[in-house]
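Trainee: Handing you this structure, nothing more for now.
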Amino acid sequence: MTLEEANQELVAVLKELVLTLTNNTDGSDMTEVTRKFGEVANQSGFISALMFLICNDPSIQVRQLSSLLLRRKLNKAWKSLPDDAKNILRQALLNQLTNESEKIVGRALMQVIGVVAKAEFSMMHPWDEMMNLMGTTCKDANQEVVQVGVELLSVVCETAYEHLAPQYIPILALLNDVLNVPGVSIDTSAHAVQAFKALVPTLGSDHMDLVRQMVPKCVAVTRMILKVDESRATDMLETFECLVETEVAFISPHVKDIVIFALEITATEDLEDDTRVRSLSLLQYVISCKKKAILKHNLIEQILKVIWPIILESSDEDDDVGFIGDESDNQTPFSSCLQVVDEMALHLPPDKLFQNMLPLIQQCAESEKDSHRRGLLLTLACLTEGTSEYIKENHMRPFVTLACKGAQSENERTRNAAMFAIGQFAEFLEPEICTYASEVMPILFTALQNATSCKGMGISRAYYALENFVENLDNTELVPYLNQLMNYLTTRMHTTDDTKEKVMVVSALGALGNAAKDKLGPYMSEILNLLQSCLQTFNDELDAIHTQALDTLGVFVRIFGKENSQLATDSLNLGISILDREEDDPEMRRAAFGLFSAVSSILEDRMEEFLPKIVPAMIKTVNSSDGVKLHFAQDEIDTHGFSFLDDVEDDVDGGDADDGIEAFTVENMYMEEKTDACQALGDLAKHTKHAFLQYLQTSFDELRKQIDFPYAEVRKAAIASCGQFVMTAYQLAGEMFPSFLEQVYSLFCKILIEDVERIVVMSTLYTLKEMIQTCGIDSFANKDHDLQLLMEAILKILNQQSACQDGDDEDEEHQQAEYDEMLIEYCGELFPVLAEKIGPSFLAYFKVCTPIFLAKMKSTSSSTERSFAAGTLAETMDKFGNEASSEFIPEVLPKLIELSSDKQAEVRNNAIFAIGIFMQRSDVKSAEISYATALASLSNSLNKETKRFVIDNILGAVARMVLAHIHFVPVKQVIPVLLRHLPIQEDHDEDMPVYACLTGVLRHNDVVSDESLRNGILQTMTQACNNNDISADVRQNIELALKKYMDDGYITSLPGQ
């Protein structure tokens, strides 16, 4: 094929069609043109005719559109072309690019070259001519020629980046050289950065030096472009996000520069809000992924210096964005600055963050300016989730006082901010926040009354605070307010005409149900009548009420369903009627799936006849791609509506099905539906068991596919339910269990290391724990190999080396954010389960991990870490059983004794519990050496302890020591002290060892010979039999022991009888 041989008749027809398209500015019907294009596109000379027009036609638009058509054609047809035709096209494209004088056509040609390059490189075919052209043009003395070369390079990098691996180093070197040239144009610089960005995700550690040279140049280019083209510069910030995201530590030396650059943009008020918001988004990403660098370079203060004034000086327009209950999805610099605070709280150590924030908070708390008070309250709200433990230990009282004071402000926006803060406190500072109920509840009632009288955002804030606060009260704490709450909510339901408020009322009733449980019995009939009235009429306007009513109904099914089976049955039928509706309503289906989960916990296998209707609907949702929207790269000309382009793309030899896809987005309501469907299938398997058997394989297969879904909540739900399917298969003793286990076990271990979302990793750890708890040693099909696989993953997490942790190498030790500590705690929860199920075989792994736990018991560790480490060591050792602790005592006991004097009660408590366990599980030789030291430590703790639950644990620890090695205990000195501090008052888990100790010690010689001591023990045991705070099992054991002593004639009567 030669271009000169192009069919001139076909060329003429094609040109006429192209001109018709380019001249169609009025949107007239193109059906006939499309039909003709379909005919022409199937002719053998179509490609050569297009190329002829590109090279020869004088019309810019004809050359441009012909290039577009050629790109779309070659994307699918290239591999089927003869080699000689490919050679001619490759050379013609390069020649025409160098000859083309119009930039818009040149860009279209570059896109064609990019498609051809990708196809060639994917088949391992070199295209030396193109690579040489880019190399020579990028080094040309003429800057216009350089611009063409660099732009072509950026297109090729974006299109064929995964096939350029052998060329990465020369390409990076070329880009560095281009940006080193003095006076390089803005366009050339921008294209160089664009090419670099395209390569970043696939680069490795062997490219480290060249990449690190590029980073400051990218900052300089973006800063330069920001002055002339704000929109373009904003898009270029994505380059730094790509660098942050990659696993290779390219960006580590430049984190400070990038943060400072982002802060410069944020602080420049002359820039567009969208630009400043994008820079704050980059800042949030850096904080979440590179927290160690943030700490190393002391950047917290610099960040706060920029964002704090923005937070304090909010305008009226800032009131409706970025928070709970708001309708707008828009972001402003104000709301984005608050999100930066939220990210810092989630990812930075609380003490480091508060060291910088506390002076600002204290200064602002004294201000009388409304915007300052509002900014402060919203800041406290954003700090709460990530630093909850730190706040509870250090700042609970003043923060609650500030929120309560703000809730009574005359300024509505300040009151709204206070309500948001109280709602956040209630959600994340529980259960301690409940002790402030007498202060907070009256304020909430007042806020509701004020909000409902003036409408506006205040109403959503007030209900948000009420719902969260009420839900975390236990039913005894809630009782004093129950009648007032019910009267208020039912009255509002009957009197308000505001649909949104009705939704809030129904949601609040659900929260009330979760907290009050059976205390709501007297109000049950009224509540169900309200819900029934909400569900009677279906129309679009009321769908939000229907959805919330279904969610709330599920709460009450779980509470009252066992006593009221008709409620469960009616709810089941209601859910099925929703599935029968023809409307495509993902929120209603989601609510129905949640209702089925609730009902399954009540009806269990009695749901069997309904499953054929329910399960397929859930599977359909799991498989659905509804709500996923693909976003395609924009061509230079608008091709929307040119349906013939699809006709042109005959699917020849496996073209790229994703051609032109630039990104995808998902609609939340569809993702929530998918998430709840995954969760509900797991619930059905858990509760209906045999009835679910016929659906187990299909459900497993479909949810297994969702484990790598892009949306983290879907992955989390799919992992949890697949784990449940494994457990159900095991419980049913079917042949599916080995197959299910084989498919998910190693995958779960891989997720622990490779998933970037902490919530997914934590969910996977919890699922593995549940599986091992249920299936025991059968969870490890390949025995030691599988156990080693799991422990390697756990060790990576414990050593901060998993993908969801900041793994940058740093010499200095840093405390962790509370959420990072929580991830470690999820790992820790596996250890007692593994010790219990595997036994002595797990001891070697525990020994390897013990130094990690001991390191977390240092005084420089957070109180949460110290408490966790002591608790994990104790609970694990307890499961190993007798004499397992001996080899650990020399190293562990001194650490525990040190922690038994810690300033935090929870740390002292766990350390003391651990002392008791390690002494109980010691052998005789270790006990002989260690008992005196341990008892002295416990005695010292008892003498100065003020927290009752810690005293209870001291008594329990002493009791365990007596039970294990009584001959090393001075009974006549220890037991009277024990008796003086009984009964147990708060931690009733200690009742069992304490009364077992007293039962056993009655036969000890020192007690037999001391009538007063023996009577004291018997009197204490007798009193325990009448103490309803002690569990029935423990009381029964005491009664049986006393009866046996009397039957044996060891005692003839009990004291007082």
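For the structure tokens, the naming scheme is as follows: chains receive sequential letters (A, B, ...) according to their order of presentation, residues are indexed from 1 within each chain, and ligands are indexed from 1 in presentation order.
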Find the residues around A:Ile759 up to 9 Å (only C-alpha atoms counted), leave out those fewer than 2 positions away in its own chain, and share them as a JSON list (two decimals) with N, CA, C and O atoms, in the first residue's frame.

Mentor:
[["chain", "number", "residue", "atom", "x", "y", "z"],
["A", 712, "ALA", "N", -13.47, 0.80, 48.96],
["A", 712, "ALA", "CA", -12.97, 0.09, 50.15],
["A", 712, "ALA", "C", -14.09, -0.56, 50.95],
["A", 712, "ALA", "O", -13.92, -1.67, 51.47],
["A", 713, "GLU", "N", -15.23, 0.12, 51.10],
["A", 713, "GLU", "CA", -16.31, -0.44, 51.91],
["A", 713, "GLU", "C", -16.86, -1.73, 51.30],
["A", 713, "GLU", "O", -17.26, -2.64, 52.02],
["A", 716, "LYS", "N", -14.30, -4.44, 52.06],
["A", 716, "LYS", "CA", -14.42, -4.80, 53.49],
["A", 716, "LYS", "C", -15.60, -5.75, 53.71],
["A", 716, "LYS", "O", -15.46, -6.78, 54.40],
["A", 757, "GLU", "N", -5.80, 0.46, 52.40],
["A", 757, "GLU", "CA", -6.80, 1.03, 53.30],
["A", 757, "GLU", "C", -6.75, 0.34, 54.66],
["A", 757, "GLU", "O", -6.91, -0.88, 54.76],
["A", 761, "VAL", "N", -7.79, -3.64, 55.99],
["A", 761, "VAL", "CA", -6.85, -4.53, 56.67],
["A", 761, "VAL", "C", -7.39, -4.92, 58.06],
["A", 761, "VAL", "O", -7.31, -6.09, 58.46],
["A", 762, "MET", "N", -7.95, -3.95, 58.79],
["A", 762, "MET", "CA", -8.52, -4.26, 60.10],
["A", 762, "MET", "C", -9.68, -5.24, 59.97],
["A", 762, "MET", "O", -9.81, -6.17, 60.78],
["A", 763, "SER", "N", -10.52, -5.05, 58.97],
["A", 763, "SER", "CA", -11.64, -5.97, 58.75],
["A", 763, "SER", "C", -11.14, -7.38, 58.43],
["A", 763, "SER", "O", -11.70, -8.37, 58.88],
["A", 764, "THR", "N", -10.06, -7.45, 57.66],
["A", 764, "THR", "CA", -9.50, -8.76, 57.30],
["A", 764, "THR", "C", -8.91, -9.45, 58.52],
["A", 764, "THR", "O", -9.08, -10.67, 58.70],
["A", 823, "LEU", "N", -4.86, -0.47, 64.38],
["A", 823, "LEU", "CA", -4.49, -1.54, 63.46],
["A", 823, "LEU", "C", -3.62, -2.57, 64.16],
["A", 823, "LEU", "O", -3.81, -3.79, 64.01]]

Trainee: Would you list the contacts of stretch 830-834 of chain A as an mmCIF file with all heavy atoms, in the first residue's frame, taking every protein, DNA or RNA residue within 6 Å and counting only C-alpha atoms, but skipping same-chain residues closer than 6 positions in sequence?

Mentor:
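New file selection.cif:
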data_model
loop_
_atom_site.group_PDB
_atom_site.id
_atom_site.type_symbol
_atom_site.label_atom_id
_atom_site.label_comp_id
_atom_site.auth_asym_id
_atom_site.auth_seq_id
_atom_site.Cartn_x
_atom_site.Cartn_y
_atom_site.Cartn_z
ATOM 1 N N LYS A 769 -9.553 -13.683 62.553
ATOM 2 C CA LYS A 769 -9.721 -14.064 63.963
ATOM 3 C C LYS A 769 -10.992 -14.885 64.155
ATOM 4 O O LYS A 769 -10.987 -15.927 64.828
ATOM 5 C CB LYS A 769 -9.763 -12.815 64.837
ATOM 6 C CG LYS A 769 -9.843 -13.123 66.336
ATOM 7 C CD LYS A 769 -10.121 -11.884 67.161
ATOM 8 C CE LYS A 769 -11.593 -11.516 67.092
ATOM 9 N NZ LYS A 769 -11.959 -10.435 68.050
ATOM 10 N N GLU A 875 -3.307 -11.927 77.939
ATOM 11 C CA GLU A 875 -4.374 -12.771 77.386
ATOM 12 C C GLU A 875 -3.814 -13.936 76.589
ATOM 13 O O GLU A 875 -4.369 -15.038 76.602
ATOM 14 C CB GLU A 875 -5.297 -11.913 76.515
ATOM 15 C CG GLU A 875 -6.128 -10.914 77.325
ATOM 16 C CD GLU A 875 -6.909 -9.969 76.448
ATOM 17 O OE1 GLU A 875 -6.955 -10.198 75.220
ATOM 18 O OE2 GLU A 875 -7.472 -8.983 76.971
ATOM 19 N N THR A 876 -2.698 -13.691 75.885
ATOM 20 C CA THR A 876 -2.080 -14.774 75.118
ATOM 21 C C THR A 876 -1.491 -15.820 76.044
ATOM 22 O O THR A 876 -1.701 -17.033 75.860
ATOM 23 C CB THR A 876 -0.994 -14.213 74.182
ATOM 24 O OG1 THR A 876 -1.551 -13.178 73.375
ATOM 25 C CG2 THR A 876 -0.446 -15.307 73.283
#

Trainee: Find, counting only C-alpha atoms, the residue in A:Val40, A:Leu70, A:Val215, A:Leu346 that gets nearest to A:Ala108.

Mentor: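 Distance minimum relative to A:Ala108 lands on A:Leu70.
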
Trainee: Which residues are close to stretch 157-168 of chain A, i.e. within 12 Å by only C-alpha atoms, leaving aside same-chain residues fewer than 5 positions away? Reply as a PyMOL selection string.

Mentor: chain A and resi 75+110-128+131-132+134-135+150-152+173-175+191-208+210-211+633+656+658-662

Trainee: Between A:Leu572, A:Ile1030, A:Ala817, A:Ile545, which one has atoms that come closest to A:Leu595, using only C-alpha atoms?

Mentor: A:Leu572

Trainee: Could you tell me, as a ChimeraX atom specification, which residues of stretch 275-321 of chain A DSSP assigns to alpha helix (DSSP H) when given the backbone?

Mentor: /A:275-289,291-296,300-312

Trainee: Kindly indicate which residue among A:Val156, A:Arg960, A:Asp585, A:Ala77 lies nearest to A:Asn42, using only C-alpha atoms for the distances.

Mentor: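 The closest residue to A:Asn42 is A:Ala77.
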
Trainee: Name all residues at most 10 Å from A:Glu891 (count only C-alpha atoms; drop same-chain ones fewer than 6 positions away) and give them as a list in words.

Mentor: Thr850, Pro851 and Leu854 of chain A

Trainee: For those residues, write C-alpha atoms to a file as a PDB file, in the first residue's frame.

Mentor:
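Everything below was put into result-v6.pdb:
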ATOM      1  CA  THR A 850       7.350 -10.587  72.311  1.00  0.00           C
ATOM      2  CA  PRO A 851      10.164  -7.994  71.815  1.00  0.00           C
ATOM      3  CA  LEU A 854       7.884  -5.080  75.070  1.00  0.00           C
TER       4      LEU A 854
END
